[in-house]
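For reference, structure_30.pdb is printed below; it contains PDB, C-alpha atoms.
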```pdb
MODEL        1
ATOM      1  CA  MET A   1      12.069 -13.578  -8.673
ATOM      2  CA  SER A   2      15.551 -12.174  -8.164
ATOM      3  CA  PRO A   3      16.197  -8.431  -8.590
ATOM      4  CA  GLU A   4      18.051  -9.194 -11.841
ATOM      5  CA  GLN A   5      15.174 -11.253 -13.249
ATOM      6  CA  PHE A   6      12.798  -8.575 -12.067
ATOM      7  CA  GLU A   7      14.669  -5.898 -14.010
ATOM      8  CA  ASP A   8      15.028  -8.103 -17.095
ATOM      9  CA  VAL A   9      11.295  -8.705 -17.230
ATOM     10  CA  VAL A  10      10.464  -5.052 -16.721
ATOM     11  CA  SER A  11      12.919  -3.668 -19.238
ATOM     12  CA  GLY A  12      12.861  -6.473 -21.774
ATOM     13  CA  ALA A  13       9.463  -8.042 -21.920
ATOM     14  CA  LEU A  14       6.940  -5.439 -20.921
ATOM     15  CA  GLY A  15       7.762  -2.688 -23.384
ATOM     16  CA  LEU A  16       8.567  -0.113 -20.755
ATOM     17  CA  VAL A  17      10.743   2.781 -21.909
ATOM     18  CA  ALA A  18      13.663   3.863 -19.740
ATOM     19  CA  LEU A  19      13.342   7.319 -18.246
ATOM     20  CA  PRO A  20      16.180   9.817 -18.844
ATOM     21  CA  ALA A  21      19.623   9.016 -17.447
ATOM     22  CA  GLY A  22      19.866   9.523 -13.727
ATOM     23  CA  ASP A  23      16.322   8.351 -13.142
ATOM     24  CA  GLN A  24      16.165   4.674 -12.187
ATOM     25  CA  GLY A  25      12.837   4.165 -13.815
ATOM     26  CA  TYR A  26      10.684   3.310 -16.806
ATOM     27  CA  ASN A  27       7.708   4.861 -18.491
ATOM     28  CA  LEU A  28       4.676   3.102 -19.915
ATOM     29  CA  PRO A  29       2.461   5.614 -21.722
ATOM     30  CA  ALA A  30      -1.000   4.236 -22.434
ATOM     31  CA  GLU A  31      -3.039   5.136 -25.520
ATOM     32  CA  ASP A  32      -5.517   7.266 -23.619
ATOM     33  CA  GLY A  33      -2.930   9.527 -22.016
ATOM     34  CA  LEU A  34      -2.538   7.562 -18.829
ATOM     35  CA  GLU A  35       1.144   7.605 -17.886
ATOM     36  CA  ILE A  36       2.566   4.842 -15.758
ATOM     37  CA  GLU A  37       6.013   5.208 -14.225
ATOM     38  CA  ALA A  38       7.928   2.283 -12.764
ATOM     39  CA  HIS A  39      10.868   2.958 -10.459
ATOM     40  CA  PHE A  40      13.197   0.464  -8.839
ATOM     41  CA  SER A  41      14.134   0.894  -5.211
ATOM     42  CA  ALA A  42      17.824   1.316  -4.410
ATOM     43  CA  GLY A  43      18.188  -2.375  -3.567
ATOM     44  CA  ARG A  44      16.238  -3.439  -6.684
ATOM     45  CA  ASP A  45      13.861  -5.411  -4.468
ATOM     46  CA  TYR A  46      10.824  -3.187  -5.066
ATOM     47  CA  LEU A  47       9.235  -1.910  -8.231
ATOM     48  CA  LEU A  48       7.275   1.223  -7.404
ATOM     49  CA  LEU A  49       4.415   1.953  -9.806
ATOM     50  CA  LEU A  50       3.122   5.516  -9.999
ATOM     51  CA  CYS A  51       0.378   7.058 -12.086
ATOM     52  CA  PRO A  52      -0.457  10.775 -11.914
ATOM     53  CA  LEU A  53      -4.255  11.086 -11.876
ATOM     54  CA  MET A  54      -5.118  14.724 -11.370
ATOM     55  CA  ASP A  55      -3.500  18.029 -10.449
ATOM     56  CA  PHE A  56      -3.599  18.872  -6.782
ATOM     57  CA  PRO A  57      -6.500  21.243  -5.977
ATOM     58  CA  GLU A  58      -5.531  24.800  -5.052
ATOM     59  CA  ASP A  59      -8.436  24.861  -2.620
ATOM     60  CA  GLY A  60      -9.760  21.973  -0.593
ATOM     61  CA  ALA A  61      -6.456  20.215  -0.009
ATOM     62  CA  HIS A  62      -7.409  19.214   3.521
ATOM     63  CA  GLY A  63     -10.591  17.518   2.346
ATOM     64  CA  ALA A  64      -8.664  15.762  -0.407
ATOM     65  CA  HIS A  65      -6.140  14.427   2.106
ATOM     66  CA  LEU A  66      -8.886  13.138   4.387
ATOM     67  CA  GLY A  67     -10.772  11.512   1.519
ATOM     68  CA  ALA A  68      -7.704   9.762   0.171
ATOM     69  CA  LEU A  69      -6.647   8.489   3.590
ATOM     70  CA  LEU A  70     -10.127   7.121   4.228
ATOM     71  CA  SER A  71     -10.170   5.427   0.843
ATOM     72  CA  ASN A  72      -6.771   3.854   1.521
ATOM     73  CA  LEU A  73      -8.272   1.815   4.362
ATOM     74  CA  SER A  74      -9.882  -0.490   1.793
ATOM     75  CA  SER A  75      -6.880  -0.760  -0.550
ATOM     76  CA  ALA A  76      -5.101  -3.679   1.112
ATOM     77  CA  ARG A  77      -8.242  -5.799   1.069
ATOM     78  CA  SER A  78      -9.309  -4.928  -2.473
ATOM     79  CA  GLY A  79      -5.952  -4.518  -4.227
ATOM     80  CA  ILE A  80      -6.865  -1.027  -5.471
ATOM     81  CA  PRO A  81      -3.764   1.236  -5.588
ATOM     82  CA  THR A  82      -2.962   3.600  -2.740
ATOM     83  CA  MET A  83      -4.014   7.203  -3.203
ATOM     84  CA  ALA A  84      -0.957   9.331  -2.531
ATOM     85  CA  PHE A  85       0.094  12.952  -2.962
ATOM     86  CA  ASP A  86       3.206  13.846  -4.865
ATOM     87  CA  ALA A  87       4.379  17.222  -3.596
ATOM     88  CA  HIS A  88       6.955  17.607  -6.394
ATOM     89  CA  ARG A  89       4.371  17.182  -9.133
ATOM     90  CA  ALA A  90       1.590  18.829  -7.121
ATOM     91  CA  ALA A  91      -0.640  15.940  -8.138
ATOM     92  CA  PHE A  92      -2.708  13.043  -6.870
ATOM     93  CA  VAL A  93      -0.992   9.808  -7.820
ATOM     94  CA  ALA A  94      -1.981   6.178  -7.647
ATOM     95  CA  ARG A  95       0.827   4.189  -6.090
ATOM     96  CA  LYS A  96       1.615   0.512  -5.775
ATOM     97  CA  ALA A  97       4.856  -1.197  -4.722
ATOM     98  CA  LEU A  98       5.605  -4.726  -5.942
ATOM     99  CA  TYR A  99       8.012  -6.754  -3.814
ATOM    100  CA  SER A 100      10.141  -8.884  -6.113
ATOM    101  CA  PRO A 101      11.083 -11.801  -3.807
ATOM    102  CA  SER A 102       7.458 -12.841  -3.447
ATOM    103  CA  LEU A 103       6.449 -12.145  -7.048
ATOM    104  CA  GLY A 104       6.525 -14.856  -9.707
ATOM    105  CA  ALA A 105       7.764 -13.937 -13.202
ATOM    106  CA  ASN A 106       4.336 -14.581 -14.681
ATOM    107  CA  GLN A 107       2.685 -12.402 -12.036
ATOM    108  CA  LEU A 108       4.501  -9.186 -12.927
ATOM    109  CA  LYS A 109       2.688  -8.613 -16.220
ATOM    110  CA  ALA A 110      -0.652  -9.368 -14.569
ATOM    111  CA  ALA A 111       0.159  -6.958 -11.734
ATOM    112  CA  LEU A 112       1.033  -4.183 -14.192
ATOM    113  CA  ASP A 113      -2.129  -4.777 -16.230
ATOM    114  CA  GLU A 114      -4.217  -4.680 -13.064
ATOM    115  CA  PHE A 115      -2.548  -1.425 -11.967
ATOM    116  CA  VAL A 116      -3.254   0.233 -15.329
ATOM    117  CA  SER A 117      -6.871  -0.929 -15.248
ATOM    118  CA  HIS A 118      -7.410   0.359 -11.705
ATOM    119  CA  CYS A 119      -5.755   3.704 -12.507
ATOM    120  CA  ARG A 120      -7.963   4.178 -15.543
ATOM    121  CA  GLN A 121     -11.094   3.540 -13.453
ATOM    122  CA  ILE A 122      -9.967   5.868 -10.649
ATOM    123  CA  ARG A 123      -8.973   8.648 -13.036
ATOM    124  CA  ASN A 124     -12.298   8.465 -14.869
ATOM    125  CA  ARG A 125     -14.217   8.606 -11.586
ATOM    126  CA  MET A 126     -12.158  11.579 -10.363
ATOM    127  CA  HIS A 127     -12.649  13.486 -13.589
ATOM    128  CA  GLU A 128     -16.391  12.787 -13.556
ATOM    129  CA  ALA A 129     -16.610  13.975  -9.942
ATOM    130  CA  ALA A 130     -14.680  17.146 -10.792
ATOM    131  CA  ARG A 131     -17.196  17.964 -13.539
ATOM    132  CA  VAL A 132     -20.188  17.718 -11.215
ATOM    133  CA  PRO A 133     -21.086  21.197  -9.941
ATOM    134  CA  ALA A 134     -20.998  21.562  -6.154
TER     135      ALA A 134
ATOM    136  CA  MET B   1      -1.417 -17.865   0.665
ATOM    137  CA  THR B   2      -4.892 -17.858   2.171
ATOM    138  CA  LEU B   3      -5.751 -16.467   5.584
ATOM    139  CA  ASP B   4      -6.177 -20.001   6.954
ATOM    140  CA  GLU B   5      -2.702 -20.969   5.734
ATOM    141  CA  ALA B   6      -1.203 -17.838   7.299
ATOM    142  CA  LEU B   7      -2.915 -18.496  10.642
ATOM    143  CA  GLN B   8      -1.872 -22.150  10.611
ATOM    144  CA  GLY B   9       1.732 -21.103   9.934
ATOM    145  CA  LEU B  10       1.743 -18.650  12.830
ATOM    146  CA  SER B  11       0.118 -21.200  15.098
ATOM    147  CA  ALA B  12       2.701 -23.850  14.198
ATOM    148  CA  GLN B  13       5.636 -21.483  14.667
ATOM    149  CA  PHE B  14       4.587 -19.680  17.829
ATOM    150  CA  GLY B  15       2.314 -22.284  19.396
ATOM    151  CA  VAL B  16      -0.540 -19.847  19.711
ATOM    152  CA  PRO B  17      -3.795 -21.020  18.178
ATOM    153  CA  PRO B  18      -5.678 -18.306  16.308
ATOM    154  CA  GLY B  19      -8.530 -16.756  18.219
ATOM    155  CA  PRO B  20     -11.922 -16.117  16.650
ATOM    156  CA  PRO B  21     -12.080 -13.230  14.184
ATOM    157  CA  GLU B  22     -13.001  -9.824  15.562
ATOM    158  CA  LYS B  23     -14.283  -6.657  13.907
ATOM    159  CA  GLY B  24     -13.777  -6.710  10.153
ATOM    160  CA  GLY B  25     -12.995 -10.431  10.248
ATOM    161  CA  ARG B  26      -9.526  -9.733  11.636
ATOM    162  CA  HIS B  27      -7.468 -12.139  13.719
ATOM    163  CA  TYR B  28      -5.134 -10.210  16.040
ATOM    164  CA  TYR B  29      -1.594 -11.183  16.979
ATOM    165  CA  ARG B  30       0.779  -9.398  19.301
ATOM    166  CA  PHE B  31       4.405  -9.059  18.161
ATOM    167  CA  GLY B  32       6.378  -7.304  20.896
ATOM    168  CA  ASP B  33       4.702  -3.929  21.364
ATOM    169  CA  THR B  34       2.791  -4.116  18.109
ATOM    170  CA  THR B  35      -0.587  -5.695  17.421
ATOM    171  CA  VAL B  36      -1.272  -6.844  13.867
ATOM    172  CA  GLY B  37      -4.715  -7.782  12.552
ATOM    173  CA  LEU B  38      -4.894 -10.274   9.697
ATOM    174  CA  ALA B  39      -7.930 -10.648   7.465
ATOM    175  CA  GLN B  40      -8.934 -12.237   4.197
ATOM    176  CA  ALA B  41      -8.509 -10.071   1.087
ATOM    177  CA  GLN B  42      -9.783 -10.448  -2.455
ATOM    178  CA  PRO B  43      -9.074 -12.689  -4.266
ATOM    179  CA  GLU B  44      -8.819 -15.328  -1.569
ATOM    180  CA  ASP B  45      -5.121 -16.129  -2.021
ATOM    181  CA  PHE B  46      -4.363 -12.650  -0.665
ATOM    182  CA  LEU B  47      -4.652 -11.357   2.873
ATOM    183  CA  CYS B  48      -4.364  -7.942   4.447
ATOM    184  CA  ALA B  49      -2.484  -6.944   7.567
ATOM    185  CA  ARG B  50      -3.263  -3.844   9.617
ATOM    186  CA  THR B  51      -1.594  -2.191  12.568
ATOM    187  CA  TRP B  52      -2.461   1.028  14.396
ATOM    188  CA  VAL B  53       0.211   3.741  14.348
ATOM    189  CA  GLY B  54      -1.393   6.719  16.021
ATOM    190  CA  THR B  55      -4.140   9.295  16.282
ATOM    191  CA  VAL B  56      -4.288  12.612  14.461
ATOM    192  CA  ASP B  57      -6.541  15.576  15.144
ATOM    193  CA  MET B  58      -8.533  15.671  11.913
ATOM    194  CA  ARG B  59      -8.832  19.474  12.140
ATOM    195  CA  ASP B  60      -5.032  19.809  12.169
ATOM    196  CA  GLU B  61      -4.368  20.341   8.466
ATOM    197  CA  SER B  62      -0.581  20.034   8.685
ATOM    198  CA  ALA B  63      -0.747  16.793  10.686
ATOM    199  CA  VAL B  64      -3.221  15.242   8.251
ATOM    200  CA  ALA B  65      -1.104  16.428   5.302
ATOM    201  CA  ARG B  66       1.992  14.839   6.815
ATOM    202  CA  VAL B  67       0.262  11.455   6.943
ATOM    203  CA  ALA B  68      -1.177  11.841   3.433
ATOM    204  CA  LEU B  69       2.200  12.814   1.979
ATOM    205  CA  GLY B  70       3.847   9.984   3.913
ATOM    206  CA  ASN B  71       2.395   7.482   1.491
ATOM    207  CA  MET B  72       4.975   8.551  -1.103
ATOM    208  CA  ASP B  73       7.877   7.400   1.034
ATOM    209  CA  LEU B  74       7.633   4.359   3.303
ATOM    210  CA  PRO B  75      11.294   3.332   3.485
ATOM    211  CA  VAL B  76      10.960   0.219   5.650
ATOM    212  CA  ALA B  77       7.866  -1.187   3.949
ATOM    213  CA  PRO B  78       7.311   0.503   0.563
ATOM    214  CA  ASP B  79       4.457  -1.947  -0.108
ATOM    215  CA  ALA B  80       2.485  -0.709   2.913
ATOM    216  CA  MET B  81      -0.030   2.154   2.915
ATOM    217  CA  LEU B  82      -1.261   4.686   5.435
ATOM    218  CA  GLY B  83      -4.966   5.252   5.945
ATOM    219  CA  MET B  84      -7.094   7.086   8.462
ATOM    220  CA  ASP B  85     -10.633   6.526   9.687
ATOM    221  CA  GLY B  86     -13.290   9.079  10.510
ATOM    222  CA  ALA B  87     -12.071   9.367  14.103
ATOM    223  CA  GLY B  88      -8.495  10.272  13.181
ATOM    224  CA  GLU B  89      -7.062   6.819  13.956
ATOM    225  CA  VAL B  90      -4.149   6.156  11.600
ATOM    226  CA  TYR B  91      -3.421   2.631  10.387
ATOM    227  CA  LEU B  92      -0.650   1.080   8.374
ATOM    228  CA  ASP B  93      -1.957  -1.629   6.048
ATOM    229  CA  MET B  94      -0.249  -4.134   3.800
ATOM    230  CA  ARG B  95      -1.602  -6.464   1.144
ATOM    231  CA  LEU B  96       0.136  -9.825   1.337
ATOM    232  CA  GLY B  97       0.106 -13.054  -0.521
ATOM    233  CA  GLY B  98      -0.413 -14.498  -3.892
ATOM    234  CA  GLU B  99      -0.453 -18.234  -4.354
ATOM    235  CA  ASP B 100       3.365 -18.481  -4.366
ATOM    236  CA  MET B 101       3.998 -16.725  -1.040
ATOM    237  CA  THR B 102       5.846 -18.875   1.474
ATOM    238  CA  HIS B 103       5.619 -18.764   5.261
ATOM    239  CA  GLU B 104       9.101 -17.204   5.410
ATOM    240  CA  GLN B 105       8.080 -14.457   2.973
ATOM    241  CA  PHE B 106       4.949 -13.897   5.035
ATOM    242  CA  LEU B 107       7.017 -13.452   8.214
ATOM    243  CA  ASP B 108       9.416 -11.152   6.360
ATOM    244  CA  ALA B 109       6.488  -8.999   5.220
ATOM    245  CA  LEU B 110       5.134  -8.799   8.782
ATOM    246  CA  GLU B 111       8.570  -7.775  10.016
ATOM    247  CA  ARG B 112       8.734  -4.949   7.489
ATOM    248  CA  LEU B 113       5.201  -3.842   8.377
ATOM    249  CA  ILE B 114       6.065  -3.765  12.080
ATOM    250  CA  GLY B 115       9.306  -1.880  11.384
ATOM    251  CA  GLU B 116       7.464   0.772   9.386
ATOM    252  CA  ALA B 117       4.769   0.956  12.058
ATOM    253  CA  MET B 118       7.371   1.619  14.743
ATOM    254  CA  ARG B 119       8.801   4.437  12.619
ATOM    255  CA  TRP B 120       5.367   6.027  12.206
ATOM    256  CA  LYS B 121       4.534   5.638  15.892
ATOM    257  CA  GLN B 122       7.652   7.683  16.601
ATOM    258  CA  THR B 123       6.775  10.220  13.917
ATOM    259  CA  LEU B 124       3.287  10.700  15.319
ATOM    260  CA  GLY B 125       4.444  10.582  18.929
ATOM    261  CA  SER B 126       2.119   7.689  19.663
ATOM    262  CA  ALA B 127       2.130   6.057  23.044
ATOM    263  CA  ASP B 128       0.034   2.997  23.812
ATOM    264  CA  GLU B 129      -2.076   1.103  21.339
ATOM    265  CA  PRO B 130      -5.824   1.262  21.899
ATOM    266  CA  ALA B 131      -7.215  -1.776  23.714
ATOM    267  CA  ARG B 132      -9.164  -2.803  20.632
ATOM    268  CA  GLN B 133      -8.066  -1.798  17.176
ATOM    269  CA  GLY B 134     -10.790  -0.754  14.812
ATOM    270  CA  GLY B 135     -11.109  -0.738  11.086
TER     271      GLY B 135
ENDMDL
END
```
Let me see whether you can do it: turn the structure in this file into structure tokens.
Amino acid sequence: MSPEQFEDVVSGALGLVALPAGDQGYNLPAEDGLEIEAHFSAGRDYLLLLCPLMDFPEDGAHGAHLGALLSNLSSARSGIPTMAFDAHRAAFVARKALYSPSLGANQLKAALDEFVSHCRQIRNRMHEAARVPA
Amino acid sequence: MTLDEALQGLSAQFGVPPGPPEKGGRHYYRFGDTTVGLAQAQPEDFLCARTWVGTVDMRDESAVARVALGNMDLPVAPDAMLGMDGAGEVYLDMRLGGEDMTHEQFLDALERLIGEAMRWKQTLGSADEPARQGG
């Protein structure tokens, strides 16, 4: 898929809403409050999917970093999004980058649906874990 | 692209038959100074590539944070991801494939992975790769 086709599919067919001017991205709010952002890379060859999952803990940041990095070792094999830390938002985010040249037009929608489904599962697990007393 | 197709493509291009899989079902290839392990992913038309980029002292909170925050910005290979095992070994992984992936796209992805790995080796001040990569 060319960068132009990539952008056409994202903006035209998937119902994503453009973020405010100056931000090269789109927003896909889900019904249950899950917010998916999609940003193009400068060369339009990547679509970066981000989903804030939980605020960054004030205490225990080191443990959170270690846990996320350990979990990331299974992401490439399973397809589960990368656990990343967004310093600007002070939040855990799920992250996935789609590379347009090796992505078929019919695969983009499936990839987005899979990302949303994974993010929902991860967020629910994180919130359940946060409710369990230490 | 399945793992078998990827290995056959590499074998045909470089004339090196794939060796038997090692730990984690990975087949290792050496590209210049960088070793890349290839393994089957799920579903089976995907594969995963892994390369070692360095070692971090797990008690060093700022060093661990730098790796964790690095996952937000991987300029050479945005579709890669950094992970770390329980011994502080840091790996750069990439999920590759899909049924439409060609051999050329596969090589391009490996090139980006290796480029990002070289950047992180510099960032972490890594010297030689371990004799046997884990994970």
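Selection check: the PyMOL selection byres ((chain B and resi 102) around 12) on the shown file gives A:Pro101, A:Ser102, A:Leu103, A:Gly104, B:Met1, B:Thr2, B:Glu5, B:Ala6, B:Gly9, B:Asp45, B:Leu96, B:Gly97, B:Gly98, B:Glu99, B:Asp100, B:Met101, B:His103, B:Glu104, B:Gln105, B:Phe106, B:Leu107, B:Asp108, B:Ala109.
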Coordinates of box centre and edge lengths for stretch 25-28 of chain A, 3 Å on every side, axis-aligned, as lines of an AutoDock Vina configuration file:
```
center_x = 8.8
center_y = 4.0
center_z = -16.9
size_x = 14.2
size_y = 7.8
size_z = 12.1
```
B:Ser62, B:Thr35, B:Asn71, B:Gln8 ranked by distance to chain A, top pick (using only C-alpha atoms)
B:Asn71
Select all residues from chain A having any atom no more than 10 Å from an atom of chain B (counting only C-alpha atoms, ignoring ligands), output as a ChimeraX atom specification.
/A:41,46-48,50,61-79,81-87,93-99,101-104,107
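We find atom CA of B:Met118 and atom CA of B:Gln13 to be spaced 23.2 Å apart.
Residue nearest B:Val56 within the list B:Leu7, B:Ala87, B:Leu38, B:Leu74: B:Ala87 [criterion: smallest interatomic distance, all atoms listed in the file].
Closest approach to B:Glu111 among B:Trp52, B:Asp57, B:Thr34, B:Asp128: B:Thr34, based on all atoms listed in the file.
Distance cut-off 7 Å, centre (-7.7, -3.9, -10.8), atoms counted only C-alpha atoms; the residues meeting this are A:Gly79, A:Ile80, A:Glu114, A:Phe115, A:Ser117, A:His118.
In this structure, atom CA of A:Asp8 sits 11.5 Å away from atom CA of A:Arg44.
For the atom pair formed by atom CA of B:Ser126 and atom CA of B:Thr51, the distance is 12.7 Å, given to one decimal.
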